[in-house]
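Participant: Sharing a structure, written as structure tokens. Questions coming.
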Amino acid sequence: MTWKTKTDSYPEVRETELQQLVRDHSSILGSIGHTPLLKIRNIPIPNDRVHIYAKAEWFNPGGSIKDRPALHMLLEAENSGTLTKGKIIIDATSGNTGIAYAMIGSALGYKVTLALPSNASPERKQVLRAYGAEILETSALTGTDGAQQAVKEIVAAHPEQYFYPDQYNNPANWRAHYTTTAWEIWNQSSKRITHFVAGLGTTGTFIGTSRRLKECDPSILCISFGPDSPLHGLEGLKHLPTALVPGIYDPALADNHVTVSTDEAYGMARQLAREEGMFVGISSGAALAASLRIASEIESGVIVTIFPDGGARYSSEHFWNEHE
Ligand SMILES: Cc1ncc(COP(=O)(O)O)c(C=O)c1O
């Protein structure tokens, strides 16, 4: 008698090309995640019984945390058959998710079209073009909401040509963080994390990571943060009270929410570059500002936050050259 192989009996368990590449560490896609957890050592923390660590997400091959959800959304779509060869990946993104799609699309042979507000940083647009993506510029006045609307119209007109991951409403976005980011933080902090602090953009990072961390230890407090006004310079983050609220958002997961001003974030990003050797983006500066606020309010603990991307993406900003 000849035994059938597992894949003969269960065709649905046969790995897709994408799944094989994700497990292969010699593939660019296999190098997504597993980022370092770095301790803040030099910037004064108001309480010496509190330690702050940051997940260094600019170590991802696409340069940001967005490699994780982009990969998961494409993996789940290939598995369900909604993404098939020949389709164009299209989405609205303030930049980092677009770069992640463009990088993964290039590695897998998918075309990528991205709608983004015309005021997105020139460095980001340049990177997107380098990966071969097509850019569709929408009005700066309507921000990412306007870019989302443009994509919806294109997809509605030609549904058979496009795959629209819709990161604001796709549960694979938060599941990426549930299965990878949270698990890494739990292990890298040797299960000592007491507080998790993250900014809200699509909200995927905060929702997925908090959901899993609370399952690991229900006493972990999860604190979200956002810009203090609708007009802000914290690229990637949303002022939720005045923006379209993402469908994946779940306010019940937040034990607290704090706001950060653009100037505070600039100051912290500058300090991280000059005092910690961490050249990070503006939302990382905001993450440290929010974490320091929490540190001043608690007696002791281990705060873990996220530094979503690196500073090179914002190198044309003037604040880097200013003095305190
Ligand atoms: C630089 C930056 N920071 C923070 C975020 C927020 O992450 P999330 O979309 O998971 O809420 C993003 C998202 O695009 C981002 O690009």
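A note on labels: chains of the structure tokens are A, B, ... as shown, every chain counts residues from 1, and ligands are counted from 1 in their shown order.
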Write out as a PyMOL selection string the residues lying within 6 Å of region 58-61 of chain A, counting only C-alpha atoms and excluding same-chain residues fewer than 5 positions away.
Facilitator: chain A and resi 32+35+309-310
Participant: Write the selection just made, keeping all heavy atoms, as an mmCIF file, in the first residue's frame?
Facilitator:
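Wrote part_13.cif, looks like this:
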data_model
loop_
_atom_site.group_PDB
_atom_site.id
_atom_site.type_symbol
_atom_site.label_atom_id
_atom_site.label_comp_id
_atom_site.auth_asym_id
_atom_site.auth_seq_id
_atom_site.Cartn_x
_atom_site.Cartn_y
_atom_site.Cartn_z
ATOM 1 N N ILE A 32 11.470 39.637 7.924
ATOM 2 C CA ILE A 32 10.515 40.568 8.549
ATOM 3 C C ILE A 32 10.268 40.143 10.006
ATOM 4 O O ILE A 32 10.088 38.960 10.291
ATOM 5 C CB ILE A 32 9.184 40.596 7.755
ATOM 6 C CG1 ILE A 32 9.429 41.240 6.376
ATOM 7 C CG2 ILE A 32 8.090 41.348 8.513
ATOM 8 C CD1 ILE A 32 8.242 41.191 5.435
ATOM 9 N N THR A 35 12.674 41.960 15.550
ATOM 10 C CA THR A 35 13.448 43.196 15.708
ATOM 11 C C THR A 35 13.973 43.307 17.146
ATOM 12 O O THR A 35 13.384 42.728 18.072
ATOM 13 C CB THR A 35 12.545 44.404 15.415
ATOM 14 O OG1 THR A 35 11.371 44.277 16.222
ATOM 15 C CG2 THR A 35 12.156 44.462 13.945
ATOM 16 N N ASP A 309 9.445 53.585 12.860
ATOM 17 C CA ASP A 309 10.337 53.684 11.683
ATOM 18 C C ASP A 309 11.557 54.541 12.000
ATOM 19 O O ASP A 309 11.686 55.086 13.106
ATOM 20 C CB ASP A 309 9.577 54.192 10.444
ATOM 21 C CG ASP A 309 9.015 55.602 10.597
ATOM 22 O OD1 ASP A 309 9.258 56.236 11.636
ATOM 23 O OD2 ASP A 309 8.340 56.063 9.651
ATOM 24 N N GLY A 310 12.460 54.660 11.032
ATOM 25 C CA GLY A 310 13.718 55.373 11.237
ATOM 26 C C GLY A 310 13.633 56.829 10.807
ATOM 27 O O GLY A 310 12.688 57.254 10.116
#
Participant: Return as a list in words every polymer residue, whether protein, DNA or RNA, with at least one atom no more than 7 Å from an atom of ligand 1; count only C-alpha atoms and all ligand atoms.
Facilitator: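 What falls inside 7 Å of ligand 1 is Lys66, Ser94, Gly95, Asn96, Thr97, Gly199, Leu200, Gly201, Thr202, Thr203, Gly204, Thr205, Phe206, Glu235, Gly236, Leu237, Gly281, Ser283, Ser284, Pro308 and Asp309 of chain A.
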Participant: Using N, CA and C atoms, can you write the selected residues to a file as a PDB file, in the first residue's frame?
Facilitator:
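What landed in again-v2.pdb:
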ATOM      1  N   LYS A  66       5.414  48.422   9.411  1.00  0.00           N
ATOM      2  CA  LYS A  66       4.356  48.074   8.475  1.00  0.00           C
ATOM      3  C   LYS A  66       4.658  46.853   7.615  1.00  0.00           C
ATOM      4  N   SER A  94      -0.205  56.415   4.262  1.00  0.00           N
ATOM      5  CA  SER A  94       0.615  57.603   4.466  1.00  0.00           C
ATOM      6  C   SER A  94       2.075  57.304   4.153  1.00  0.00           C
ATOM      7  N   GLY A  95       2.371  56.131   3.715  1.00  0.00           N
ATOM      8  CA  GLY A  95       3.742  55.865   3.273  1.00  0.00           C
ATOM      9  C   GLY A  95       4.315  54.522   3.674  1.00  0.00           C
ATOM     10  N   ASN A  96       4.390  54.250   4.987  1.00  0.00           N
ATOM     11  CA  ASN A  96       5.118  53.041   5.398  1.00  0.00           C
ATOM     12  C   ASN A  96       4.463  51.749   4.920  1.00  0.00           C
ATOM     13  N   THR A  97       3.140  51.661   4.976  1.00  0.00           N
ATOM     14  CA  THR A  97       2.493  50.437   4.497  1.00  0.00           C
ATOM     15  C   THR A  97       2.712  50.310   3.006  1.00  0.00           C
ATOM     16  N   GLY A 199       1.102  54.211  19.559  1.00  0.00           N
ATOM     17  CA  GLY A 199       0.307  55.232  18.862  1.00  0.00           C
ATOM     18  C   GLY A 199      -0.772  54.611  17.998  1.00  0.00           C
ATOM     19  N   LEU A 200      -1.780  55.442  17.678  1.00  0.00           N
ATOM     20  CA  LEU A 200      -2.915  54.969  16.866  1.00  0.00           C
ATOM     21  C   LEU A 200      -2.873  55.576  15.468  1.00  0.00           C
ATOM     22  N   GLY A 201      -2.706  54.712  14.474  1.00  0.00           N
ATOM     23  CA  GLY A 201      -2.835  55.135  13.074  1.00  0.00           C
ATOM     24  C   GLY A 201      -4.000  54.345  12.499  1.00  0.00           C
ATOM     25  N   THR A 202      -3.683  53.193  11.883  1.00  0.00           N
ATOM     26  CA  THR A 202      -4.764  52.267  11.529  1.00  0.00           C
ATOM     27  C   THR A 202      -5.281  51.590  12.794  1.00  0.00           C
ATOM     28  N   THR A 203      -4.516  51.669  13.845  1.00  0.00           N
ATOM     29  CA  THR A 203      -4.718  51.080  15.187  1.00  0.00           C
ATOM     30  C   THR A 203      -4.313  49.606  15.265  1.00  0.00           C
ATOM     31  N   GLY A 204      -3.839  49.043  14.167  1.00  0.00           N
ATOM     32  CA  GLY A 204      -3.471  47.622  14.136  1.00  0.00           C
ATOM     33  C   GLY A 204      -2.412  47.247  15.167  1.00  0.00           C
ATOM     34  N   THR A 205      -1.377  48.083  15.300  1.00  0.00           N
ATOM     35  CA  THR A 205      -0.297  47.777  16.246  1.00  0.00           C
ATOM     36  C   THR A 205      -0.844  47.710  17.663  1.00  0.00           C
ATOM     37  N   PHE A 206      -1.596  48.750  18.040  1.00  0.00           N
ATOM     38  CA  PHE A 206      -2.094  48.811  19.414  1.00  0.00           C
ATOM     39  C   PHE A 206      -3.080  47.684  19.697  1.00  0.00           C
ATOM     40  N   GLU A 235       3.338  62.013  11.427  1.00  0.00           N
ATOM     41  CA  GLU A 235       2.981  61.208  10.260  1.00  0.00           C
ATOM     42  C   GLU A 235       2.741  59.751  10.671  1.00  0.00           C
ATOM     43  N   GLY A 236       1.672  59.189  10.150  1.00  0.00           N
ATOM     44  CA  GLY A 236       1.335  57.800  10.486  1.00  0.00           C
ATOM     45  C   GLY A 236       0.297  57.695  11.595  1.00  0.00           C
ATOM     46  N   LEU A 237       0.116  58.793  12.359  1.00  0.00           N
ATOM     47  CA  LEU A 237      -0.843  58.749  13.472  1.00  0.00           C
ATOM     48  C   LEU A 237      -2.092  59.551  13.128  1.00  0.00           C
ATOM     49  N   GLY A 281      11.984  57.994  13.627  1.00  0.00           N
ATOM     50  CA  GLY A 281      10.985  58.902  13.064  1.00  0.00           C
ATOM     51  C   GLY A 281      10.221  59.683  14.126  1.00  0.00           C
ATOM     52  N   SER A 283       6.995  59.693  14.973  1.00  0.00           N
ATOM     53  CA  SER A 283       6.059  58.977  15.847  1.00  0.00           C
ATOM     54  C   SER A 283       6.808  58.186  16.928  1.00  0.00           C
ATOM     55  N   SER A 284       8.097  57.885  16.690  1.00  0.00           N
ATOM     56  CA  SER A 284       8.906  57.247  17.742  1.00  0.00           C
ATOM     57  C   SER A 284       9.209  58.259  18.843  1.00  0.00           C
ATOM     58  N   PRO A 308       8.197  52.972  15.393  1.00  0.00           N
ATOM     59  CA  PRO A 308       7.726  52.376  14.132  1.00  0.00           C
ATOM     60  C   PRO A 308       8.677  52.478  12.944  1.00  0.00           C
ATOM     61  N   ASP A 309       9.445  53.585  12.860  1.00  0.00           N
ATOM     62  CA  ASP A 309      10.337  53.684  11.683  1.00  0.00           C
ATOM     63  C   ASP A 309      11.557  54.541  12.000  1.00  0.00           C
TER      64      ASP A 309
END
Participant: Pick out the closest residue to Glu276 (chain A) from this set: A:Leu288, A:Trp174, A:Ile220, A:Ile135. Count only C-alpha atoms.
Facilitator: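 With only C-alpha atoms as the atom set, the closest residue is A:Leu288.
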Participant: Check region 87-210 of chain A with DSSP on the backbone and list each residue it calls helix (DSSP H, G or I), as a ChimeraX atom specification.
Facilitator: /A:96-108,122-130,143-157,171-188,204-210
Participant: What does the file look like for those residues with C-alpha atoms, as a CSV table (one decimal), in the first residue's frame?
Facilitator:
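Below you can see part.csv, which holds the result:
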chain,number,residue,atom,x,y,z
A,96,ASN,CA,5.1,53.0,5.4
A,97,THR,CA,2.5,50.4,4.5
A,98,GLY,CA,2.9,51.5,0.9
A,99,ILE,CA,6.7,50.9,1.1
A,100,ALA,CA,6.0,47.5,2.6
A,101,TYR,CA,3.6,46.5,-0.2
A,102,ALA,CA,6.0,47.8,-2.8
A,103,MET,CA,8.9,45.8,-1.2
A,104,ILE,CA,6.8,42.6,-0.9
A,105,GLY,CA,5.2,43.2,-4.3
A,106,SER,CA,8.6,43.5,-5.9
A,107,ALA,CA,9.8,40.3,-4.2
A,108,LEU,CA,6.7,38.4,-5.4
A,122,PRO,CA,9.3,63.3,-0.6
A,123,GLU,CA,11.7,60.7,0.8
A,124,ARG,CA,8.8,58.2,1.0
A,125,LYS,CA,7.6,58.8,-2.5
A,126,GLN,CA,11.1,58.4,-3.7
A,127,VAL,CA,11.4,55.0,-2.0
A,128,LEU,CA,8.1,53.9,-3.4
A,129,ARG,CA,9.1,54.7,-6.9
A,130,ALA,CA,12.5,53.0,-6.4
A,143,GLY,CA,-5.4,63.7,4.1
A,144,THR,CA,-5.4,59.9,4.3
A,145,ASP,CA,-9.3,59.9,4.4
A,146,GLY,CA,-9.3,61.4,0.9
A,147,ALA,CA,-6.7,58.9,-0.3
A,148,GLN,CA,-8.9,56.0,1.0
A,149,GLN,CA,-11.9,57.4,-0.8
A,150,ALA,CA,-10.0,57.6,-4.1
A,151,VAL,CA,-8.9,53.9,-3.8
A,152,LYS,CA,-12.5,52.8,-3.1
A,153,GLU,CA,-13.7,54.5,-6.2
A,154,ILE,CA,-11.0,52.8,-8.4
A,155,VAL,CA,-11.7,49.4,-6.9
A,156,ALA,CA,-15.5,49.8,-7.3
A,157,ALA,CA,-15.0,50.6,-11.0
A,171,PRO,CA,-8.4,42.0,10.7
A,172,ALA,CA,-5.2,40.6,9.3
A,173,ASN,CA,-3.6,44.0,10.1
A,174,TRP,CA,-4.0,43.5,13.9
A,175,ARG,CA,-3.5,39.7,13.7
A,176,ALA,CA,0.0,40.4,12.4
A,177,HIS,CA,0.8,42.1,15.7
A,178,TYR,CA,-1.1,39.5,17.7
A,179,THR,CA,1.0,36.7,16.3
A,180,THR,CA,4.4,38.4,16.0
A,181,THR,CA,4.9,41.8,17.7
A,182,ALA,CA,3.2,40.9,21.0
A,183,TRP,CA,4.9,37.5,21.2
A,184,GLU,CA,8.3,38.9,20.6
A,185,ILE,CA,7.8,41.6,23.3
A,186,TRP,CA,6.5,39.1,25.8
A,187,ASN,CA,9.6,36.9,25.3
A,188,GLN,CA,12.2,39.7,24.9
A,204,GLY,CA,-3.5,47.6,14.1
A,205,THR,CA,-0.3,47.8,16.2
A,206,PHE,CA,-2.1,48.8,19.4
A,207,ILE,CA,-5.1,46.5,19.0
A,208,GLY,CA,-3.2,43.3,18.0
A,209,THR,CA,-0.3,43.7,20.5
A,210,SER,CA,-2.6,44.7,23.4
Participant: Give the strand (DSSP E or B) residues of region 236-317 of chain A, as assigned by DSSP on the backbone, as a list in words.
Facilitator: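 Assigned to strand (DSSP E or B), within region 236-317 of chain A: Asn256, His257, Val258, Thr259, Val260, Val280, Gly301, Val302, Ile303, Val304, Thr305, Ile306, Phe307, Asp309 and Gly310 of chain A.
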Participant: Using only C-alpha atoms, can you tell me which of A:Ser291, A:Thr138, A:Ser189, A:Asn321 comes closest to Pro46 (chain A)?
Facilitator: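 Closest to Pro46 (chain A) of all the choices is A:Ser291.
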Participant: Might you pull out every residue within 7 Å of region 52-54 of chain A, with only C-alpha atoms counted and same-chain residues fewer than 6 positions away left off, and present them as a PyMOL selection string?
Facilitator: chain A and resi 37-40+302-307
Participant: Which residue out of A:Val197, A:Leu213, A:Ala289, A:Ala77 has the minimum interatomic distance to Thr16 (chain A) when only C-alpha atoms are used?
Facilitator: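 Closest residue, counting only C-alpha atoms: A:Ala77.
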Participant: Can you tell me how far CA of Pro218 (chain A) sits from CA of His34 (chain A), in Å to one decimal?
Facilitator: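 Between CA of Pro218 (chain A) and CA of His34 (chain A) the gap works out to 23.8 Å.
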Participant: Would you pick out the contacts of Ile294 (chain A) at 12 Å or less, using only C-alpha atoms, so that residues sharing its chain but fewer than 6 positions from it are not included, and give the list as a PDB file with N, CA and C atoms, in the first residue's frame?
Facilitator:
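Final file, out04.pdb:
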ATOM      1  N   ILE A  45      14.800  59.280  32.953  1.00  0.00           N
ATOM      2  CA  ILE A  45      13.431  58.796  33.203  1.00  0.00           C
ATOM      3  C   ILE A  45      13.052  59.336  34.591  1.00  0.00           C
ATOM      4  N   PRO A  46      11.869  59.976  34.718  1.00  0.00           N
ATOM      5  CA  PRO A  46      11.553  60.680  35.967  1.00  0.00           C
ATOM      6  C   PRO A  46      11.523  59.792  37.211  1.00  0.00           C
ATOM      7  N   ASN A  47      11.552  58.488  37.032  1.00  0.00           N
ATOM      8  CA  ASN A  47      11.456  57.584  38.175  1.00  0.00           C
ATOM      9  C   ASN A  47      12.455  56.441  37.933  1.00  0.00           C
ATOM     10  N   VAL A  50      11.469  52.777  37.101  1.00  0.00           N
ATOM     11  CA  VAL A  50      10.774  52.472  35.847  1.00  0.00           C
ATOM     12  C   VAL A  50      11.811  52.307  34.739  1.00  0.00           C
ATOM     13  N   HIS A  51      11.644  51.271  33.936  1.00  0.00           N
ATOM     14  CA  HIS A  51      12.528  51.047  32.780  1.00  0.00           C
ATOM     15  C   HIS A  51      11.684  51.158  31.513  1.00  0.00           C
ATOM     16  N   ILE A  52      12.293  51.768  30.488  1.00  0.00           N
ATOM     17  CA  ILE A  52      11.573  51.914  29.213  1.00  0.00           C
ATOM     18  C   ILE A  52      12.359  51.194  28.112  1.00  0.00           C
ATOM     19  N   THR A 194       5.097  45.539  32.123  1.00  0.00           N
ATOM     20  CA  THR A 194       3.925  45.912  32.941  1.00  0.00           C
ATOM     21  C   THR A 194       3.006  46.885  32.190  1.00  0.00           C
ATOM     22  N   HIS A 195       3.619  47.677  31.251  1.00  0.00           N
ATOM     23  CA  HIS A 195       2.841  48.670  30.505  1.00  0.00           C
ATOM     24  C   HIS A 195       3.229  48.611  29.036  1.00  0.00           C
ATOM     25  N   PHE A 196       2.226  48.675  28.168  1.00  0.00           N
ATOM     26  CA  PHE A 196       2.488  48.744  26.726  1.00  0.00           C
ATOM     27  C   PHE A 196       1.950  50.078  26.212  1.00  0.00           C
ATOM     28  N   VAL A 197       2.785  50.805  25.468  1.00  0.00           N
ATOM     29  CA  VAL A 197       2.404  52.142  24.974  1.00  0.00           C
ATOM     30  C   VAL A 197       2.561  52.167  23.458  1.00  0.00           C
ATOM     31  N   ALA A 198       1.495  52.516  22.726  1.00  0.00           N
ATOM     32  CA  ALA A 198       1.610  52.573  21.258  1.00  0.00           C
ATOM     33  C   ALA A 198       0.674  53.630  20.677  1.00  0.00           C
ATOM     34  N   LEU A 221      -1.013  46.829  31.560  1.00  0.00           N
ATOM     35  CA  LEU A 221      -1.837  47.989  31.194  1.00  0.00           C
ATOM     36  C   LEU A 221      -1.434  48.481  29.804  1.00  0.00           C
ATOM     37  N   CYS A 222      -2.428  48.740  28.969  1.00  0.00           N
ATOM     38  CA  CYS A 222      -2.161  49.146  27.585  1.00  0.00           C
ATOM     39  C   CYS A 222      -2.617  50.588  27.397  1.00  0.00           C
ATOM     40  N   ILE A 223      -1.678  51.432  26.974  1.00  0.00           N
ATOM     41  CA  ILE A 223      -1.947  52.869  26.854  1.00  0.00           C
ATOM     42  C   ILE A 223      -1.750  53.292  25.401  1.00  0.00           C
ATOM     43  N   SER A 224      -2.797  53.855  24.806  1.00  0.00           N
ATOM     44  CA  SER A 224      -2.669  54.353  23.436  1.00  0.00           C
ATOM     45  C   SER A 224      -2.341  55.843  23.481  1.00  0.00           C
ATOM     46  N   PHE A 225      -1.763  56.351  22.382  1.00  0.00           N
ATOM     47  CA  PHE A 225      -1.563  57.799  22.301  1.00  0.00           C
ATOM     48  C   PHE A 225      -1.839  58.273  20.889  1.00  0.00           C
ATOM     49  N   ASP A 255      -6.419  51.023  28.422  1.00  0.00           N
ATOM     50  CA  ASP A 255      -6.619  51.354  29.832  1.00  0.00           C
ATOM     51  C   ASP A 255      -6.497  52.858  30.044  1.00  0.00           C
ATOM     52  N   ASN A 256      -5.838  53.515  29.088  1.00  0.00           N
ATOM     53  CA  ASN A 256      -5.633  54.960  29.194  1.00  0.00           C
ATOM     54  C   ASN A 256      -5.274  55.475  27.794  1.00  0.00           C
ATOM     55  N   HIS A 257      -5.474  56.761  27.557  1.00  0.00           N
ATOM     56  CA  HIS A 257      -5.070  57.353  26.275  1.00  0.00           C
ATOM     57  C   HIS A 257      -4.432  58.697  26.587  1.00  0.00           C
ATOM     58  N   VAL A 258      -3.267  58.974  25.987  1.00  0.00           N
ATOM     59  CA  VAL A 258      -2.619  60.269  26.203  1.00  0.00           C
ATOM     60  C   VAL A 258      -2.400  60.954  24.855  1.00  0.00           C
ATOM     61  N   THR A 259      -2.260  62.281  24.890  1.00  0.00           N
ATOM     62  CA  THR A 259      -2.003  63.007  23.640  1.00  0.00           C
ATOM     63  C   THR A 259      -0.599  63.614  23.692  1.00  0.00           C
ATOM     64  N   ALA A 287       6.236  58.409  20.840  1.00  0.00           N
ATOM     65  CA  ALA A 287       6.105  57.200  21.686  1.00  0.00           C
ATOM     66  C   ALA A 287       6.925  57.355  22.963  1.00  0.00           C
ATOM     67  N   LEU A 288       8.124  57.944  22.822  1.00  0.00           N
ATOM     68  CA  LEU A 288       8.936  58.137  24.032  1.00  0.00           C
ATOM     69  C   LEU A 288       8.306  59.210  24.924  1.00  0.00           C
ATOM     70  N   SER A 300       6.585  51.930  39.782  1.00  0.00           N
ATOM     71  CA  SER A 300       7.653  51.100  39.224  1.00  0.00           C
ATOM     72  C   SER A 300       7.062  50.339  38.046  1.00  0.00           C
ATOM     73  N   GLY A 301       7.943  49.817  37.205  1.00  0.00           N
ATOM     74  CA  GLY A 301       7.413  49.013  36.098  1.00  0.00           C
ATOM     75  C   GLY A 301       8.356  48.932  34.925  1.00  0.00           C
ATOM     76  N   VAL A 302       7.951  48.122  33.954  1.00  0.00           N
ATOM     77  CA  VAL A 302       8.694  47.960  32.699  1.00  0.00           C
ATOM     78  C   VAL A 302       7.749  48.377  31.574  1.00  0.00           C
ATOM     79  N   ILE A 303       8.055  49.537  30.984  1.00  0.00           N
ATOM     80  CA  ILE A 303       7.225  50.061  29.893  1.00  0.00           C
ATOM     81  C   ILE A 303       7.849  49.612  28.575  1.00  0.00           C
ATOM     82  N   VAL A 304       7.030  49.053  27.700  1.00  0.00           N
ATOM     83  CA  VAL A 304       7.513  48.719  26.347  1.00  0.00           C
ATOM     84  C   VAL A 304       6.714  49.550  25.356  1.00  0.00           C
ATOM     85  N   THR A 305       7.433  50.237  24.473  1.00  0.00           N
ATOM     86  CA  THR A 305       6.766  51.006  23.427  1.00  0.00           C
ATOM     87  C   THR A 305       7.310  50.597  22.062  1.00  0.00           C
TER      88      THR A 305
END
Participant: Given the choices A:Phe163, A:Tyr314, A:Tyr168, A:Phe279, which gets closest to Leu234 (chain A) if the distance is worked out from only C-alpha atoms?
Facilitator: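 Result for the nearest residue to Leu234 (chain A): A:Tyr314.
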